[in-house]
$ cat run-v1.pdb   # PDB, C-alpha atoms, pLDDT in the B column
ATOM      1  CA  MET A   1      75.279  90.980 107.581  1.00 52.00           C
ATOM      2  CA  PRO A   2      77.413  94.069 108.275  1.00 60.00           C
ATOM      3  CA  SER A   3      79.252  95.186 105.192  1.00 90.00           C
ATOM      4  CA  LEU A   4      82.804  95.918 104.180  1.00 97.00           C
ATOM      5  CA  ASN A   5      83.576  99.271 102.614  1.00 98.00           C
ATOM      6  CA  VAL A   6      86.670  99.394 100.412  1.00 98.00           C
ATOM      7  CA  ARG A   7      88.097 102.736  99.295  1.00 98.00           C
ATOM      8  CA  TYR A   8      90.750 102.335  96.641  1.00 98.00           C
ATOM      9  CA  LEU A   9      93.591 104.852  96.970  1.00 97.00           C
ATOM     10  CA  GLY A  10      95.692 103.728  93.995  1.00 96.00           C
ATOM     11  CA  GLY A  11      98.474 101.150  93.766  1.00 96.00           C
ATOM     12  CA  PRO A  12      98.254  98.689  96.671  1.00 98.00           C
ATOM     13  CA  SER A  13      96.677 101.197  99.049  1.00 98.00           C
ATOM     14  CA  ALA A  14      93.117 101.029 100.331  1.00 98.00           C
ATOM     15  CA  ILE A  15      91.015 101.808 103.367  1.00 98.00           C
ATOM     16  CA  LEU A  16      88.878  98.933 104.643  1.00 98.00           C
ATOM     17  CA  GLU A  17      86.004  99.630 107.030  1.00 98.00           C
ATOM     18  CA  THR A  18      84.013  96.864 108.707  1.00 97.00           C
ATOM     19  CA  GLY A  19      82.412  96.345 112.091  1.00 95.00           C
ATOM     20  CA  GLY A  20      83.286  99.884 113.120  1.00 96.00           C
ATOM     21  CA  MET A  21      86.992  99.262 112.403  1.00 98.00           C
ATOM     22  CA  ARG A  22      89.189 101.142 109.919  1.00 98.00           C
ATOM     23  CA  LEU A  23      92.228  99.457 108.387  1.00 98.00           C
ATOM     24  CA  VAL A  24      94.735 100.716 105.823  1.00 98.00           C
ATOM     25  CA  VAL A  25      96.355  98.324 103.346  1.00 98.00           C
ATOM     26  CA  ASP A  26      99.946  99.031 102.207  1.00 98.00           C
ATOM     27  CA  PRO A  27     100.083 102.835 102.669  1.00 98.00           C
ATOM     28  CA  THR A  28     101.844 104.717  99.858  1.00 97.00           C
ATOM     29  CA  PHE A  29     101.909 108.506  99.501  1.00 97.00           C
ATOM     30  CA  ASP A  30     104.954 109.487  97.428  1.00 97.00           C
ATOM     31  CA  ALA A  31     104.875 111.427  94.157  1.00 97.00           C
ATOM     32  CA  PRO A  32     105.464 109.880  90.719  1.00 98.00           C
ATOM     33  CA  GLY A  33     109.087 109.195  89.817  1.00 97.00           C
ATOM     34  CA  ASP A  34     111.844 106.603  89.926  1.00 96.00           C
ATOM     35  CA  TYR A  35     112.412 104.731  93.173  1.00 94.00           C
ATOM     36  CA  PRO A  36     115.598 102.675  93.606  1.00 90.00           C
ATOM     37  CA  ILE A  37     115.481  99.112  94.813  1.00 88.00           C
ATOM     38  CA  GLY A  38     118.999  97.753  94.998  1.00 82.00           C
ATOM     39  CA  SER A  39     120.641  98.220  91.626  1.00 81.00           C
ATOM     40  CA  ARG A  40     117.239  98.489  89.933  1.00 86.00           C
ATOM     41  CA  LYS A  41     114.404 100.986  90.108  1.00 93.00           C
ATOM     42  CA  LEU A  42     110.620 101.011  90.081  1.00 95.00           C
ATOM     43  CA  THR A  43     108.795 103.845  88.344  1.00 96.00           C
ATOM     44  CA  LYS A  44     105.639 105.307  89.859  1.00 97.00           C
ATOM     45  CA  THR A  45     103.334 106.879  87.270  1.00 97.00           C
ATOM     46  CA  ALA A  46     100.370 108.209  89.282  1.00 96.00           C
ATOM     47  CA  GLU A  47      99.851 110.917  91.873  1.00 95.00           C
ATOM     48  CA  PRO A  48      98.678 109.855  95.348  1.00 94.00           C
ATOM     49  CA  ILE A  49      94.946 110.278  95.988  1.00 94.00           C
ATOM     50  CA  LEU A  50      95.233 111.234  99.662  1.00 94.00           C
ATOM     51  CA  GLY A  51      97.936 112.503 101.935  1.00 94.00           C
ATOM     52  CA  PRO A  52      98.584 110.713 105.223  1.00 95.00           C
ATOM     53  CA  ASP A  53      96.853 113.477 107.190  1.00 94.00           C
ATOM     54  CA  GLU A  54      93.682 113.013 105.123  1.00 96.00           C
ATOM     55  CA  ILE A  55      93.047 109.359 105.960  1.00 95.00           C
ATOM     56  CA  GLY A  56      91.770 109.963 109.467  1.00 92.00           C
ATOM     57  CA  PRO A  57      91.964 107.672 112.508  1.00 95.00           C
ATOM     58  CA  VAL A  58      92.661 104.006 111.840  1.00 97.00           C
ATOM     59  CA  ASP A  59      92.821 100.930 114.031  1.00 98.00           C
ATOM     60  CA  ALA A  60      95.618  99.117 112.183  1.00 98.00           C
ATOM     61  CA  VAL A  61      97.691  98.901 109.032  1.00 98.00           C
ATOM     62  CA  LEU A  62      97.834  95.648 107.080  1.00 98.00           C
ATOM     63  CA  LEU A  63     101.288  95.712 105.484  1.00 98.00           C
ATOM     64  CA  SER A  64     102.024  92.930 103.020  1.00 98.00           C
ATOM     65  CA  HIS A  65     105.754  93.709 103.118  1.00 97.00           C
ATOM     66  CA  ASP A  66     108.133  96.578 103.702  1.00 97.00           C
ATOM     67  CA  GLN A  67     111.035  95.862 101.334  1.00 96.00           C
ATOM     68  CA  HIS A  68     109.593  97.302  98.088  1.00 96.00           C
ATOM     69  CA  PRO A  69     108.793 101.006  97.589  1.00 95.00           C
ATOM     70  CA  ASP A  70     105.607 100.299  95.632  1.00 96.00           C
ATOM     71  CA  ASN A  71     104.104  98.743  98.782  1.00 97.00           C
ATOM     72  CA  LEU A  72     105.639 100.949 101.467  1.00 97.00           C
ATOM     73  CA  ASP A  73     107.259 104.192 100.391  1.00 96.00           C
ATOM     74  CA  THR A  74     108.897 107.023 102.317  1.00 96.00           C
ATOM     75  CA  GLY A  75     105.582 108.668 103.108  1.00 97.00           C
ATOM     76  CA  GLY A  76     104.118 105.345 104.148  1.00 97.00           C
ATOM     77  CA  ARG A  77     106.978 104.680 106.534  1.00 97.00           C
ATOM     78  CA  ALA A  78     106.478 108.048 108.189  1.00 97.00           C
ATOM     79  CA  TYR A  79     102.742 107.348 108.412  1.00 97.00           C
ATOM     80  CA  LEU A  80     103.318 104.121 110.362  1.00 98.00           C
ATOM     81  CA  ALA A  81     104.774 106.092 113.265  1.00 96.00           C
ATOM     82  CA  GLY A  82     101.326 107.498 113.988  1.00 95.00           C
ATOM     83  CA  VAL A  83      99.195 104.353 113.787  1.00 97.00           C
ATOM     84  CA  PRO A  84      98.446 102.149 116.800  1.00 98.00           C
ATOM     85  CA  LEU A  85      99.328  98.829 115.141  1.00 98.00           C
ATOM     86  CA  THR A  86     100.987  97.577 111.969  1.00 98.00           C
ATOM     87  CA  LEU A  87     100.634  93.873 111.154  1.00 98.00           C
ATOM     88  CA  THR A  88     103.243  92.507 108.749  1.00 98.00           C
ATOM     89  CA  THR A  89     105.910  89.870 108.186  1.00 98.00           C
ATOM     90  CA  GLU A  90     108.391  88.902 110.886  1.00 97.00           C
ATOM     91  CA  ALA A  91     111.242  90.420 108.884  1.00 97.00           C
ATOM     92  CA  GLY A  92     109.285  93.593 108.286  1.00 98.00           C
ATOM     93  CA  ALA A  93     108.324  93.994 111.935  1.00 98.00           C
ATOM     94  CA  GLY A  94     111.975  93.599 112.895  1.00 97.00           C
ATOM     95  CA  ARG A  95     113.100  96.270 110.461  1.00 97.00           C
ATOM     96  CA  LEU A  96     110.287  98.730 111.184  1.00 98.00           C
ATOM     97  CA  GLY A  97     110.083  98.543 114.970  1.00 97.00           C
ATOM     98  CA  GLY A  98     107.633 100.910 116.625  1.00 96.00           C
ATOM     99  CA  THR A  99     104.096  99.561 116.597  1.00 96.00           C
ATOM    100  CA  ALA A 100     104.857  96.953 113.925  1.00 98.00           C
ATOM    101  CA  ARG A 101     103.979  93.414 114.953  1.00 98.00           C
ATOM    102  CA  ALA A 102     104.754  90.164 113.174  1.00 98.00           C
ATOM    103  CA  LEU A 103     101.733  88.082 112.196  1.00 98.00           C
ATOM    104  CA  PRO A 104     103.070  84.662 111.138  1.00 98.00           C
ATOM    105  CA  ASN A 105     101.171  82.449 108.711  1.00 98.00           C
ATOM    106  CA  TRP A 106      97.961  81.010 110.200  1.00 98.00           C
ATOM    107  CA  GLU A 107      98.330  82.938 113.453  1.00 98.00           C
ATOM    108  CA  HIS A 108      95.828  85.639 114.370  1.00 98.00           C
ATOM    109  CA  VAL A 109      95.219  88.720 116.474  1.00 98.00           C
ATOM    110  CA  ASP A 110      91.781  89.754 117.743  1.00 98.00           C
ATOM    111  CA  LEU A 111      91.107  93.498 117.642  1.00 98.00           C
ATOM    112  CA  PRO A 112      88.304  94.848 119.862  1.00 98.00           C
ATOM    113  CA  ARG A 113      85.357  96.320 117.962  1.00 97.00           C
ATOM    114  CA  PRO A 114      83.253  99.246 119.167  1.00 95.00           C
ATOM    115  CA  ASP A 115      80.204  96.957 119.425  1.00 92.00           C
ATOM    116  CA  GLY A 116      81.955  94.687 121.909  1.00 94.00           C
ATOM    117  CA  GLY A 117      82.879  91.989 119.398  1.00 95.00           C
ATOM    118  CA  THR A 118      86.254  91.342 117.824  1.00 97.00           C
ATOM    119  CA  LEU A 119      87.768  91.603 114.373  1.00 98.00           C
ATOM    120  CA  ARG A 120      90.092  88.663 113.851  1.00 98.00           C
ATOM    121  CA  VAL A 121      93.054  89.268 111.534  1.00 98.00           C
ATOM    122  CA  THR A 122      94.832  86.088 110.465  1.00 98.00           C
ATOM    123  CA  GLY A 123      98.165  86.077 108.671  1.00 98.00           C
ATOM    124  CA  VAL A 124      98.180  83.846 105.581  1.00 98.00           C
ATOM    125  CA  PRO A 125     100.894  82.886 103.092  1.00 98.00           C
ATOM    126  CA  ALA A 126     101.817  84.942 100.043  1.00 98.00           C
ATOM    127  CA  GLN A 127     104.439  84.142  97.417  1.00 97.00           C
ATOM    128  CA  HIS A 128     105.909  87.121  95.577  1.00 93.00           C
ATOM    129  CA  GLY A 129     106.927  85.278  92.428  1.00 91.00           C
ATOM    130  CA  PRO A 130     107.452  81.722  91.136  1.00 89.00           C
ATOM    131  CA  ASP A 131     108.440  78.848  93.417  1.00 92.00           C
ATOM    132  CA  GLY A 132     111.918  79.211  94.865  1.00 90.00           C
ATOM    133  CA  THR A 133     112.291  82.973  94.445  1.00 91.00           C
ATOM    134  CA  GLU A 134     111.650  84.214  97.989  1.00 92.00           C
ATOM    135  CA  HIS A 135     115.390  84.718  98.509  1.00 91.00           C
ATOM    136  CA  LEU A 136     115.190  87.304  95.704  1.00 90.00           C
ATOM    137  CA  THR A 137     111.846  88.981  96.408  1.00 90.00           C
ATOM    138  CA  GLY A 138     111.693  88.614 100.196  1.00 92.00           C
ATOM    139  CA  PRO A 139     108.871  87.468 102.470  1.00 97.00           C
ATOM    140  CA  VAL A 140     105.325  88.720 101.943  1.00 98.00           C
ATOM    141  CA  THR A 141     102.104  88.088 103.838  1.00 98.00           C
ATOM    142  CA  GLY A 142      98.387  88.145 103.136  1.00 98.00           C
ATOM    143  CA  PHE A 143      95.519  88.542 105.574  1.00 98.00           C
ATOM    144  CA  VAL A 144      92.093  87.120 106.345  1.00 98.00           C
ATOM    145  CA  LEU A 145      89.574  89.276 108.203  1.00 98.00           C
ATOM    146  CA  SER A 146      86.727  87.592 110.056  1.00 98.00           C
ATOM    147  CA  GLY A 147      84.434  87.982 113.016  1.00 97.00           C
ATOM    148  CA  GLU A 148      80.925  87.254 114.200  1.00 95.00           C
ATOM    149  CA  GLY A 149      78.512  88.994 111.866  1.00 94.00           C
ATOM    150  CA  LEU A 150      81.306  90.286 109.612  1.00 97.00           C
ATOM    151  CA  PRO A 151      82.075  89.395 105.992  1.00 97.00           C
ATOM    152  CA  THR A 152      85.027  87.033 105.692  1.00 98.00           C
ATOM    153  CA  THR A 153      87.603  88.891 103.638  1.00 98.00           C
ATOM    154  CA  TYR A 154      90.878  87.856 102.002  1.00 98.00           C
ATOM    155  CA  VAL A 155      93.608  90.411 101.268  1.00 98.00           C
ATOM    156  CA  SER A 156      96.153  88.717  99.022  1.00 98.00           C
ATOM    157  CA  GLY A 157      99.169  91.000  99.281  1.00 97.00           C
ATOM    158  CA  ASP A 158     101.736  90.587  96.514  1.00 97.00           C
ATOM    159  CA  ASN A 159     100.981  86.927  95.861  1.00 98.00           C
ATOM    160  CA  ALA A 160     101.592  85.245  92.504  1.00 97.00           C
ATOM    161  CA  SER A 161     100.721  81.651  93.435  1.00 97.00           C
ATOM    162  CA  LEU A 162      97.371  79.965  92.915  1.00 98.00           C
ATOM    163  CA  ALA A 163      98.639  77.117  95.089  1.00 98.00           C
ATOM    164  CA  VAL A 164      98.829  79.623  97.925  1.00 98.00           C
ATOM    165  CA  VAL A 165      95.275  80.749  97.131  1.00 98.00           C
ATOM    166  CA  ARG A 166      94.128  77.123  97.335  1.00 98.00           C
ATOM    167  CA  ALA A 167      95.817  76.728 100.718  1.00 98.00           C
ATOM    168  CA  VAL A 168      94.024  79.812 102.040  1.00 98.00           C
ATOM    169  CA  ALA A 169      90.722  78.645 100.564  1.00 98.00           C
ATOM    170  CA  GLY A 170      91.185  75.238 102.162  1.00 98.00           C
ATOM    171  CA  ARG A 171      91.062  76.848 105.589  1.00 97.00           C
ATOM    172  CA  PHE A 172      88.619  79.725 105.148  1.00 97.00           C
ATOM    173  CA  ALA A 173      86.492  79.439 101.982  1.00 95.00           C
ATOM    174  CA  PRO A 174      83.967  80.472 100.946  1.00 95.00           C
ATOM    175  CA  PHE A 175      84.834  84.150 101.188  1.00 97.00           C
ATOM    176  CA  ASP A 176      82.466  87.058 101.059  1.00 97.00           C
ATOM    177  CA  VAL A 177      85.118  89.430  99.692  1.00 98.00           C
ATOM    178  CA  ALA A 178      88.552  88.984  98.098  1.00 98.00           C
ATOM    179  CA  VAL A 179      90.884  91.965  97.717  1.00 98.00           C
ATOM    180  CA  LEU A 180      93.382  90.782  95.099  1.00 98.00           C
ATOM    181  CA  PHE A 181      96.663  92.396  94.049  1.00 98.00           C
ATOM    182  CA  ALA A 182      96.250  91.794  90.346  1.00 97.00           C
ATOM    183  CA  GLY A 183      98.673  93.751  88.164  1.00 96.00           C
ATOM    184  CA  GLY A 184     100.749  90.889  86.780  1.00 96.00           C
ATOM    185  CA  ALA A 185     103.889  92.648  88.021  1.00 94.00           C
ATOM    186  CA  GLN A 186     107.120  91.959  86.142  1.00 94.00           C
ATOM    187  CA  THR A 187     110.618  93.308  86.742  1.00 90.00           C
ATOM    188  CA  PRO A 188     114.095  92.518  85.358  1.00 87.00           C
ATOM    189  CA  LEU A 189     114.818  90.652  88.599  1.00 85.00           C
ATOM    190  CA  LEU A 190     112.754  87.675  87.380  1.00 87.00           C
ATOM    191  CA  GLY A 191     112.470  88.340  83.666  1.00 87.00           C
ATOM    192  CA  ASP A 192     109.129  87.238  82.203  1.00 90.00           C
ATOM    193  CA  ALA A 193     107.922  85.677  85.456  1.00 93.00           C
ATOM    194  CA  TYR A 194     105.010  87.273  87.266  1.00 95.00           C
ATOM    195  CA  LEU A 195     105.467  88.637  90.771  1.00 94.00           C
ATOM    196  CA  THR A 196     101.724  89.094  91.388  1.00 97.00           C
ATOM    197  CA  LEU A 197      98.500  87.617  90.016  1.00 98.00           C
ATOM    198  CA  THR A 198      97.661  88.189  86.373  1.00 97.00           C
ATOM    199  CA  SER A 199      94.115  89.110  85.360  1.00 98.00           C
ATOM    200  CA  GLU A 200      93.303  85.505  84.468  1.00 98.00           C
ATOM    201  CA  ASP A 201      94.873  84.278  87.702  1.00 98.00           C
ATOM    202  CA  ALA A 202      92.753  86.754  89.653  1.00 98.00           C
ATOM    203  CA  ALA A 203      89.616  85.370  88.021  1.00 98.00           C
ATOM    204  CA  GLU A 204      90.708  81.822  88.814  1.00 98.00           C
ATOM    205  CA  ALA A 205      91.506  82.867  92.371  1.00 98.00           C
ATOM    206  CA  ALA A 206      87.980  84.240  92.681  1.00 98.00           C
ATOM    207  CA  THR A 207      86.621  80.833  91.728  1.00 97.00           C
ATOM    208  CA  ILE A 208      88.936  78.987  94.111  1.00 98.00           C
ATOM    209  CA  LEU A 209      87.994  81.286  96.979  1.00 98.00           C
ATOM    210  CA  GLY A 210      84.275  81.140  96.244  1.00 97.00           C
ATOM    211  CA  ALA A 211      84.310  84.894  96.740  1.00 96.00           C
ATOM    212  CA  ALA A 212      81.056  86.765  96.194  1.00 96.00           C
ATOM    213  CA  HIS A 213      82.852  90.076  95.629  1.00 98.00           C
ATOM    214  CA  ILE A 214      86.274  90.815  94.124  1.00 98.00           C
ATOM    215  CA  VAL A 215      88.054  94.154  94.528  1.00 98.00           C
ATOM    216  CA  PRO A 216      91.371  94.394  92.623  1.00 98.00           C
ATOM    217  CA  LEU A 217      94.275  96.470  93.954  1.00 98.00           C
ATOM    218  CA  HIS A 218      97.831  97.107  92.770  1.00 97.00           C
ATOM    219  CA  PHE A 219      97.110  96.935  89.047  1.00 97.00           C
ATOM    220  CA  GLU A 220      97.975 100.506  87.987  1.00 97.00           C
ATOM    221  CA  GLY A 221     100.117 103.461  88.963  1.00 96.00           C
ATOM    222  CA  TRP A 222     103.474 101.738  88.417  1.00 96.00           C
ATOM    223  CA  ALA A 223     105.322 100.973  85.184  1.00 96.00           C
ATOM    224  CA  HIS A 224     106.136  97.366  86.127  1.00 96.00           C
ATOM    225  CA  PHE A 225     102.511  96.208  85.901  1.00 96.00           C
ATOM    226  CA  SER A 226     102.004  94.185  82.749  1.00 96.00           C
ATOM    227  CA  GLN A 227      98.218  93.957  83.135  1.00 96.00           C
ATOM    228  CA  GLY A 228      95.527  96.155  84.581  1.00 96.00           C
ATOM    229  CA  ARG A 229      92.331  98.073  83.986  1.00 97.00           C
ATOM    230  CA  ASP A 230      91.989  96.961  80.350  1.00 97.00           C
ATOM    231  CA  THR A 231      92.676  93.243  80.979  1.00 98.00           C
ATOM    232  CA  ILE A 232      90.871  92.534  84.262  1.00 98.00           C
ATOM    233  CA  PRO A 233      87.251  92.862  83.016  1.00 98.00           C
ATOM    234  CA  PRO A 234      87.730  90.558  79.985  1.00 98.00           C
ATOM    235  CA  ALA A 235      89.311  87.900  82.209  1.00 98.00           C
ATOM    236  CA  PHE A 236      86.351  88.027  84.587  1.00 98.00           C
ATOM    237  CA  ASP A 237      83.912  88.026  81.668  1.00 98.00           C
ATOM    238  CA  LYS A 238      85.583  84.909  80.267  1.00 98.00           C
ATOM    239  CA  ALA A 239      85.276  83.203  83.660  1.00 97.00           C
ATOM    240  CA  ALA A 240      81.600  84.222  83.922  1.00 98.00           C
ATOM    241  CA  LEU A 241      82.426  86.268  87.043  1.00 98.00           C
ATOM    242  CA  ALA A 242      81.760  89.794  85.789  1.00 98.00           C
ATOM    243  CA  ASP A 243      78.934  90.263  88.288  1.00 97.00           C
ATOM    244  CA  ARG A 244      81.383  89.731  91.183  1.00 97.00           C
ATOM    245  CA  LEU A 245      83.985  92.264  90.036  1.00 98.00           C
ATOM    246  CA  HIS A 246      84.269  95.763  91.506  1.00 98.00           C
ATOM    247  CA  LEU A 247      86.943  97.574  89.496  1.00 98.00           C
ATOM    248  CA  LEU A 248      87.290 100.906  91.238  1.00 98.00           C
ATOM    249  CA  GLY A 249      88.863 104.131  90.068  1.00 97.00           C
ATOM    250  CA  PRO A 250      91.353 105.916  92.329  1.00 95.00           C
ATOM    251  CA  GLY A 251      89.465 107.476  95.194  1.00 96.00           C
ATOM    252  CA  GLU A 252      86.304 105.452  94.574  1.00 97.00           C
ATOM    253  CA  SER A 253      84.756 103.149  97.137  1.00 97.00           C
ATOM    254  CA  VAL A 254      82.371 100.212  97.195  1.00 97.00           C
ATOM    255  CA  GLU A 255      80.312  98.727  99.988  1.00 96.00           C
ATOM    256  CA  VAL A 256      79.864  94.980  99.731  1.00 94.00           C
TER     257      VAL A 256
END
$ encode --input "run-v1.pdb" --output "structure tokens"
Amino acid sequence: MPSLNVRYLGGPSAILETGGMRLVVDPTFDAPGDYPIGSRKLTKTAEPILGPDEIGPVDAVLLSHDQHPDNLDTGGRAYLAGVPLTLTTEAGAGRLGGTARALPNWEHVDLPRPDGGTLRVTGVPAQHGPDGTEHLTGPVTGFVLSGEGLPTTYVSGDNASLAVVRAVAGRFAPFDVAVLFAGGAQTPLLGDAYLTLTSEDAAEAATILGAAHIVPLHFEGWAHFSQGRDTIPPAFDKAALADRLHLLGPGESVEV
């Protein structure tokens, strides 16, 4: 089966390559510092790995949401102007304009592959916090990538709900690859509640999805992550899933 190559760029950002297609997840390029979000701020702690001019040609951007600077920053917004297609939420597409296109839950778009086949990108639900908090955090989307001869891949986006994971699994499992946003994000907006998967939730999600390979994203580089590189491996060890985990360093890639 053709593989998927994932290059981790730090934070939520990654380059996915499969079937001759190149996709960027949640592009972020800004320097470390404080970034306002309403009356609050998020603090970036890590330098970007690549500049936008170093990524090279891409076929599409998979944007989980546009309303938070840790998922789409100033540099990322400028980068979108030069890509042929950005798939995101309906609200995000309306705000961004340009080549941004809404991909509602369970709907799909088929992108032509160089080999004559198609890469299907399906929008799937994501819940950026506990039940009933979307009016505070805003809409978010995840994605499923599939196609004849391609690994079926789930990109979670900023999802905190295992119920959502079960809904996605109910339609698409088993997965070959799951790219999980797994930093256990917490901000004063929701107190002790998690806005993304914790390490243990990510391991449980891997089981629910039946995923053969797990690549975590969005677990470091920002001060509001409560969990990360030191907590993910023990959680996967405890779940007897260590052999499925690919915990990359910034700039590293894996082919699965």
$ closest_atom_pairs --input "run-v1.pdb" --of "stretch 139-235 of chain A" --to "stretch 242-252 of chain A" --cutoff "8 Å" --atoms "only C-alpha atoms" --output "JSON lines"
{"residue": "A:Ala211", "atom": "CA", "partner": "A:Arg244", "partner_atom": "CA", "distance": 7.9}
{"residue": "A:Ala212", "atom": "CA", "partner": "A:Arg244", "partner_atom": "CA", "distance": 5.8}
{"residue": "A:His213", "atom": "CA", "partner": "A:Arg244", "partner_atom": "CA", "distance": 4.7}
{"residue": "A:Ile214", "atom": "CA", "partner": "A:Leu245", "partner_atom": "CA", "distance": 4.9}
{"residue": "A:Val215", "atom": "CA", "partner": "A:His246", "partner_atom": "CA", "distance": 5.1}
{"residue": "A:Pro216", "atom": "CA", "partner": "A:Leu247", "partner_atom": "CA", "distance": 6.3}
{"residue": "A:Arg229", "atom": "CA", "partner": "A:Leu247", "partner_atom": "CA", "distance": 7.7}
{"residue": "A:Pro233", "atom": "CA", "partner": "A:Ala242", "partner_atom": "CA", "distance": 6.9}
$ resolve_selection --input "run-v1.pdb" --expression "the PyMOL selection byres ((chain A and resi 144-147) around 7)" --output "compact mmCIF listing (two decimals) with C-alpha atoms, keeping the file's coordinate frame"
# COMPACT_ATOMS: atom_id res chain seq x y z
CA THR A 118 86.25 91.34 117.82
CA LEU A 119 87.77 91.60 114.37
CA ARG A 120 90.09 88.66 113.85
CA VAL A 121 93.05 89.27 111.53
CA THR A 122 94.83 86.09 110.46
CA GLY A 123 98.16 86.08 108.67
CA VAL A 124 98.18 83.85 105.58
CA PHE A 143 95.52 88.54 105.57
CA GLU A 148 80.92 87.25 114.20
CA GLY A 149 78.51 88.99 111.87
CA LEU A 150 81.31 90.29 109.61
CA PRO A 151 82.08 89.40 105.99
CA THR A 152 85.03 87.03 105.69
CA THR A 153 87.60 88.89 103.64
CA TYR A 154 90.88 87.86 102.00
CA VAL A 155 93.61 90.41 101.27
$ resolve_selection --input "run-v1.pdb" --expression "the PyMOL selection byres ((chain A and resi 52-57) around 12)" --output "number ranges by chain"
A: 7-9, 13-17, 20-25, 27-30, 48-51, 58-61, 73-85, 251
$ closest_residue --input "run-v1.pdb" --among "A:Asp176, A:Asp66, A:Asp34, A:Glu200" --to "A:Thr137" --atoms "all atoms listed in the file"
A:Asp66
$ closest_residue --input "run-v1.pdb" --among "A:Pro174, A:Gly157, A:Gly228, A:Pro130" --to "A:Asp192" --atoms "only C-alpha atoms"
A:Pro130
$ closest_residue --input "run-v1.pdb" --among "A:Ser253, A:Trp106, A:Asp70, A:Leu4" --to "A:Arg171" --atoms "all atoms listed in the file"
A:Trp106
$ atom_distance --input "run-v1.pdb" --atom1 "atom CA of A:His218" --atom2 "atom CA of A:Arg113"
28.1 Å
$ build_atoms --input "run-v1.pdb" --residues "stretch 133-145 of chain A" --atoms "N, CA, C and O atoms" --output "compact mmCIF listing (two decimals), in the coordinates of the input"
# COMPACT_ATOMS: atom_id res chain seq x y z
N THR A 133 111.72 81.63 94.67
CA THR A 133 112.29 82.97 94.44
C THR A 133 112.21 83.88 95.68
O THR A 133 112.55 85.06 95.58
N GLU A 134 111.79 83.35 96.82
CA GLU A 134 111.65 84.21 97.99
C GLU A 134 112.98 84.84 98.39
O GLU A 134 113.01 85.97 98.90
N HIS A 135 114.09 84.14 98.15
CA HIS A 135 115.39 84.72 98.51
C HIS A 135 115.70 85.96 97.67
O HIS A 135 116.56 86.77 98.04
N LEU A 136 115.00 86.13 96.55
CA LEU A 136 115.19 87.30 95.70
C LEU A 136 114.16 88.40 96.00
O LEU A 136 114.50 89.58 96.01
N THR A 137 112.92 88.00 96.23
CA THR A 137 111.85 88.98 96.41
C THR A 137 111.58 89.30 97.87
O THR A 137 111.03 90.36 98.18
N GLY A 138 111.93 88.40 98.78
CA GLY A 138 111.69 88.61 100.20
C GLY A 138 110.33 88.12 100.63
O GLY A 138 109.44 87.86 99.82
N PRO A 139 110.14 87.99 101.95
CA PRO A 139 108.87 87.47 102.47
C PRO A 139 107.74 88.47 102.32
O PRO A 139 107.93 89.68 102.42
N VAL A 140 106.55 87.93 102.09
CA VAL A 140 105.32 88.72 101.94
C VAL A 140 104.22 87.99 102.71
O VAL A 140 104.27 86.76 102.86
N THR A 141 103.24 88.73 103.17
CA THR A 141 102.10 88.09 103.84
C THR A 141 100.79 88.59 103.26
O THR A 141 100.71 89.68 102.70
N GLY A 142 99.77 87.75 103.40
CA GLY A 142 98.39 88.14 103.14
C GLY A 142 97.62 88.13 104.44
O GLY A 142 98.17 87.81 105.51
N PHE A 143 96.33 88.43 104.37
CA PHE A 143 95.52 88.54 105.57
C PHE A 143 94.11 88.01 105.32
O PHE A 143 93.59 88.14 104.20
N VAL A 144 93.51 87.45 106.35
CA VAL A 144 92.09 87.12 106.34
C VAL A 144 91.44 87.86 107.50
O VAL A 144 91.91 87.79 108.64
N LEU A 145 90.35 88.56 107.20
CA LEU A 145 89.57 89.28 108.20
C LEU A 145 88.29 88.51 108.46
O LEU A 145 87.60 88.10 107.51
